[in-house]
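Right, one structure below, let's go through it.
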Amino acid sequence: MIKRIAVLTSGGDAPGMNAAVRVCIRAGLFYGKEMYVIYDGFKGLVEGDIRQVNKDFTSDIMNRGGTIIRTARLPEFKEPEVIAKAVQRLQDYEIDAVIGIGGDGTYRGLLDLKRAGVNVIGIPGTIDNDVASSERTIGFSTALNTICECVDKIKDTSGSHQRCSVIEVMGRHCGDLAIFSGIAEAAELTVTYDHRIKDEQVYRKLRKLKALKKSHAIVIVSENLLDVAEFAQNIEKETGFETKYEILGRLQRGGSPTAEDRILAARMGSKAIELLNNNEAGYVVGLQKGEIVPVDIEKALEMKRDVHASLLQLIDMLQ
């Protein structure tokens, strides 16, 4: 029987992680489990930074951004001796199961623990929305709203100066933040890995807007796709539009989570505990067709992200 459960957050932080931690702890206590937190992700696990917690630990964290148990990256965790040390730490504390909140990197760490005989459950927490086993990840809604708030402000000054603004948003190799913000902000152009546009097409569209005396233009670009500074220079040179670039960067990670992210975290956290209470492990939880469902962790890591053709078509239709 699973009696002692530890929770960790790993990889990039995401708004709503604290909400997930809170719900895991409270749901675990509700079922009579002993609850622990691991600070600094897998790094803290290897180092033994593990503490038992009670309901008081969860006070006033539902609405806080970031993660109060911190996060860190540990590339060495794939090494057998490092994994063995982590397993020994869990045995030292007599911990029966680990819940990991994060993205695919976190899932891979959990899979290593599973293969070493540890009961694990994964919860998708990443602003990028790039976990294929879940239609939404904790943090995506908040990051999207943050982007929209920033673009709204950029539009004000862009229109005042009759500029074109090139705005880089996060997402790693997933274009969801760019696609959704492009639609929500009525961007003139959106460029992502899934929606690539040739430079000449960009210039042609912006030349037309310039000729129509459009007061401003917004171009949203996924990170790591191109050099936005150089791209902005080329746009100005080829179109005559005064062009500035903005890299929103890590401010997209911060802030109080939206109600949507808090509720999603609550549903996923409670499902994770429910599975462990039924002695079911080796899963990640995900949102699929409105329901929170378990997916075998190995299968989840093999899944490919589905790019919604309807959204790409909508971008083309609106732009």
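Scheme for the structure tokens: letters A, B, ... for chains in order shown; per-chain residue numbers from 1; ligand numbers from 1 in order shown.
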
Problem - segment 255-260 of chain A environment, 10 Å, only C-alpha atoms, sequence neighbours closer than 3 positions dropped, as a ChimeraX atom specification - result: /A:14-19,61-66,138-146,251-252,263-266

Generate the output file for the selected residues, N, CA and C atoms, as an mmCIF file, in the first residue's frame.
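Once written, again-v1.cif looks like this:
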```cif
data_model
loop_
_atom_site.group_PDB
_atom_site.id
_atom_site.type_symbol
_atom_site.label_atom_id
_atom_site.label_comp_id
_atom_site.auth_asym_id
_atom_site.auth_seq_id
_atom_site.Cartn_x
_atom_site.Cartn_y
_atom_site.Cartn_z
ATOM 1 N N ALA A 14 6.068 27.207 -14.015
ATOM 2 C CA ALA A 14 4.844 27.586 -14.715
ATOM 3 C C ALA A 14 3.802 28.025 -13.697
ATOM 4 N N PRO A 15 3.080 29.105 -13.982
ATOM 5 C CA PRO A 15 2.005 29.524 -13.072
ATOM 6 C C PRO A 15 0.986 28.404 -12.912
ATOM 7 N N GLY A 16 0.631 28.097 -11.696
ATOM 8 C CA GLY A 16 -0.284 26.995 -11.412
ATOM 9 C C GLY A 16 0.413 25.810 -10.783
ATOM 10 N N MET A 17 1.755 25.807 -10.809
ATOM 11 C CA MET A 17 2.478 24.714 -10.149
ATOM 12 C C MET A 17 2.177 24.691 -8.655
ATOM 13 N N ASN A 18 2.131 25.860 -8.025
ATOM 14 C CA ASN A 18 1.822 25.908 -6.597
ATOM 15 C C ASN A 18 0.422 25.383 -6.315
ATOM 16 N N ALA A 19 -0.510 25.697 -7.213
ATOM 17 C CA ALA A 19 -1.867 25.183 -7.052
ATOM 18 C C ALA A 19 -1.877 23.662 -7.103
ATOM 19 N N ILE A 61 -1.054 29.646 -1.138
ATOM 20 C CA ILE A 61 -0.172 29.401 -2.295
ATOM 21 C C ILE A 61 -0.956 29.144 -3.581
ATOM 22 N N MET A 62 -2.269 28.995 -3.473
ATOM 23 C CA MET A 62 -3.080 28.673 -4.658
ATOM 24 C C MET A 62 -2.916 29.727 -5.751
ATOM 25 N N ASN A 63 -2.797 30.988 -5.356
ATOM 26 C CA ASN A 63 -2.761 32.082 -6.332
ATOM 27 C C ASN A 63 -1.353 32.586 -6.621
ATOM 28 N N ARG A 64 -0.347 31.945 -6.062
ATOM 29 C CA ARG A 64 1.034 32.403 -6.261
ATOM 30 C C ARG A 64 1.652 31.791 -7.511
ATOM 31 N N GLY A 65 2.376 32.637 -8.268
ATOM 32 C CA GLY A 65 3.102 32.135 -9.423
ATOM 33 C C GLY A 65 4.374 31.418 -9.006
ATOM 34 N N GLY A 66 5.083 30.867 -9.978
ATOM 35 C CA GLY A 66 6.323 30.151 -9.677
ATOM 36 C C GLY A 66 6.048 28.850 -8.956
ATOM 37 N N ILE A 138 -0.694 22.892 -17.386
ATOM 38 C CA ILE A 138 -0.787 23.926 -16.347
ATOM 39 C C ILE A 138 0.215 25.033 -16.667
ATOM 40 N N GLY A 139 -0.268 26.263 -16.721
ATOM 41 C CA GLY A 139 0.594 27.416 -17.001
ATOM 42 C C GLY A 139 0.358 28.033 -18.361
ATOM 43 N N PHE A 140 -0.194 27.260 -19.308
ATOM 44 C CA PHE A 140 -0.401 27.773 -20.668
ATOM 45 C C PHE A 140 -1.378 28.943 -20.675
ATOM 46 N N SER A 141 -2.494 28.804 -19.989
ATOM 47 C CA SER A 141 -3.512 29.856 -19.977
ATOM 48 C C SER A 141 -2.952 31.167 -19.440
ATOM 49 N N THR A 142 -2.202 31.082 -18.343
ATOM 50 C CA THR A 142 -1.640 32.296 -17.737
ATOM 51 C C THR A 142 -0.623 32.951 -18.657
ATOM 52 N N ALA A 143 0.257 32.151 -19.235
ATOM 53 C CA ALA A 143 1.271 32.699 -20.143
ATOM 54 C C ALA A 143 0.615 33.360 -21.352
ATOM 55 N N LEU A 144 -0.423 32.733 -21.882
ATOM 56 C CA LEU A 144 -1.133 33.301 -23.026
ATOM 57 C C LEU A 144 -1.744 34.652 -22.670
ATOM 58 N N ASN A 145 -2.363 34.725 -21.503
ATOM 59 C CA ASN A 145 -2.948 36.002 -21.068
ATOM 60 C C ASN A 145 -1.883 37.068 -20.854
ATOM 61 N N THR A 146 -0.728 36.664 -20.330
ATOM 62 C CA THR A 146 0.372 37.610 -20.136
ATOM 63 C C THR A 146 0.841 38.166 -21.476
ATOM 64 N N LEU A 251 9.222 36.921 -18.554
ATOM 65 C CA LEU A 251 8.055 37.497 -17.895
ATOM 66 C C LEU A 251 6.808 36.689 -18.233
ATOM 67 N N GLN A 252 6.852 35.911 -19.327
ATOM 68 C CA GLN A 252 5.729 35.036 -19.677
ATOM 69 C C GLN A 252 5.546 33.917 -18.662
ATOM 70 N N ILE A 263 -7.872 25.756 -11.683
ATOM 71 C CA ILE A 263 -8.848 24.659 -11.716
ATOM 72 C C ILE A 263 -8.245 23.420 -12.382
ATOM 73 N N LEU A 264 -7.503 23.637 -13.481
ATOM 74 C CA LEU A 264 -6.841 22.514 -14.146
ATOM 75 C C LEU A 264 -5.857 21.836 -13.192
ATOM 76 N N ALA A 265 -5.091 22.631 -12.447
ATOM 77 C CA ALA A 265 -4.142 22.085 -11.469
ATOM 78 C C ALA A 265 -4.871 21.279 -10.398
ATOM 79 N N ALA A 266 -6.021 21.786 -9.957
ATOM 80 C CA ALA A 266 -6.787 21.084 -8.928
ATOM 81 C C ALA A 266 -7.307 19.743 -9.448
#
```

Handout entry: Shell of 12 Å around Ile220 of chain A, only C-alpha atoms, local chain residues under 2 positions omitted, as JSON, numbers by chain
Key = {"A": [147, 148, 150, 151, 154, 164, 165, 166, 167, 168, 169, 170, 175, 176, 177, 178, 179, 180, 181, 182, 183, 184, 185, 186, 187, 188, 189, 190, 191, 192, 195, 196, 197, 202, 217, 218, 222, 223, 225, 226, 228, 231, 232, 245, 246, 247, 248, 315, 319]}

With C-alpha atoms retained, write the just-selected residues as a compact mmCIF listing (two decimals), in the first residue's frame.
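Writing the result to selection_7.txt gives the following:
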```
# COMPACT_ATOMS: atom_id res chain seq x y z
CA ILE A 147 1.38 37.72 -23.80
CA CYS A 148 -1.93 39.33 -24.73
CA CYS A 150 1.94 42.80 -23.33
CA VAL A 151 0.87 42.91 -26.97
CA ILE A 154 2.83 47.33 -27.54
CA CYS A 164 5.64 47.48 -37.20
CA SER A 165 6.38 45.45 -34.04
CA VAL A 166 7.97 42.00 -34.21
CA ILE A 167 7.21 40.15 -30.96
CA GLU A 168 8.96 36.91 -29.97
CA VAL A 169 7.03 34.62 -27.64
CA MET A 170 8.06 31.43 -25.84
CA GLY A 175 3.87 27.12 -31.65
CA ASP A 176 0.75 27.14 -29.46
CA LEU A 177 1.56 30.36 -27.59
CA ALA A 178 2.26 32.14 -30.87
CA ILE A 179 -0.78 30.68 -32.64
CA PHE A 180 -3.26 31.41 -29.87
CA SER A 181 -1.89 34.89 -29.14
CA GLY A 182 -1.81 35.66 -32.87
CA ILE A 183 -5.51 34.88 -33.10
CA ALA A 184 -6.42 36.66 -29.86
CA GLU A 185 -4.47 39.79 -30.79
CA ALA A 186 -5.51 39.93 -34.45
CA ALA A 187 -1.84 39.96 -35.44
CA GLU A 188 -1.13 40.84 -39.03
CA LEU A 189 1.28 37.90 -39.29
CA THR A 190 2.10 34.86 -37.14
CA VAL A 191 5.24 32.82 -37.79
CA THR A 192 5.74 29.47 -36.04
CA HIS A 195 2.98 28.00 -39.71
CA ARG A 196 6.08 29.11 -41.58
CA ILE A 197 5.96 32.10 -43.92
CA VAL A 202 6.01 38.84 -45.05
CA ALA A 217 1.41 46.08 -37.76
CA ILE A 218 1.98 43.23 -35.30
CA SER A 222 7.89 31.68 -31.99
CA GLU A 223 11.21 31.65 -30.15
CA LEU A 225 12.81 30.13 -35.10
CA LEU A 226 14.77 33.14 -36.35
CA VAL A 228 14.09 38.67 -34.50
CA PHE A 231 14.21 40.03 -39.03
CA ALA A 232 13.01 43.46 -37.84
CA TYR A 245 11.38 44.03 -32.00
CA GLU A 246 10.38 42.85 -28.54
CA ILE A 247 11.45 39.62 -26.82
CA LEU A 248 8.94 38.99 -24.05
CA ILE A 315 -4.79 32.17 -38.83
CA GLN A 319 -4.57 37.42 -41.52
```

Under the rule of at most 8 Å, produce a per-residue listing of segment 263-304 of chain A near segment 100-118 of chain A: chain, number, name, the closest pair of atoms, and the distance in Å, as a Markdown table, using only C-alpha atoms.
```
| residue | atom | partner | partner_atom | distance |
| --- | --- | --- | --- | --- |
| A:Gly282 | CA | A:Lys114 | CA | 6.5 |
| A:Val284 | CA | A:Tyr107 | CA | 7.9 |
| A:Ile297 | CA | A:Leu111 | CA | 6.8 |
| A:Glu298 | CA | A:Leu111 | CA | 7.2 |
| A:Leu301 | CA | A:Asp104 | CA | 7.0 |
```

For the residues in the current selection, export C-alpha atoms as a PDB file, in the first residue's frame.
```pdb
ATOM      1  CA  GLY A 282       3.364   4.598 -13.732  1.00  0.00           C
ATOM      2  CA  VAL A 284       0.857  10.760 -16.270  1.00  0.00           C
ATOM      3  CA  ILE A 297       4.082   7.222 -18.940  1.00  0.00           C
ATOM      4  CA  GLU A 298       6.034   5.305 -21.584  1.00  0.00           C
ATOM      5  CA  LEU A 301       6.530  10.042 -24.054  1.00  0.00           C
TER       6      LEU A 301
END
```

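Distance annotation: of A:Met268, A:Ala281, A:Ile273, A:Leu212, the residue with the minimal separation from Leu29 of chain A is A:Ile273; atom set is only C-alpha atoms.
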
Practice task
Within 10 Å of segment 51-53 of chain A, counting only C-alpha atoms, which residues show up once you throw out same-chain ones fewer than 2 positions away? Write them as a PyMOL selection string, please.
Solution key: chain A and resi 4-6+25+29+34-39+48-49+55-58+93

Problem - DSSP helix (DSSP H, G or I) residues within segment 9-243 of chain A, as a PyMOL selection string - result: chain A and resi 17-30+41-47+55-58+75-78+80-92+104-115+140-161+176-184+199-211+228-239

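Residue nearest Tyr203 of chain A within the list A:Arg172, A:Arg26, A:Lys43, A:Lys237: A:Lys237 [criterion: smallest interatomic distance, only C-alpha atoms].
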
Practice task
Take atom CA of Asp40 of chain A and atom CA of Ala72 of chain A and report the distance between them in Å, one decimal.
Solution key: 5.1 Å

Exercise for the section: Pull the strand (DSSP E or B) assignments for segment 146-299 of chain A out of DSSP run on the backbone, and list those residues as an MDAnalysis selection string. Expected result: chainID A and resid 163:169 189:191 217:222 242:247 283:288 291:296

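Atom CA of Leu318 of chain A sits 17.8 Å away from atom CA of Arg207 of chain A.
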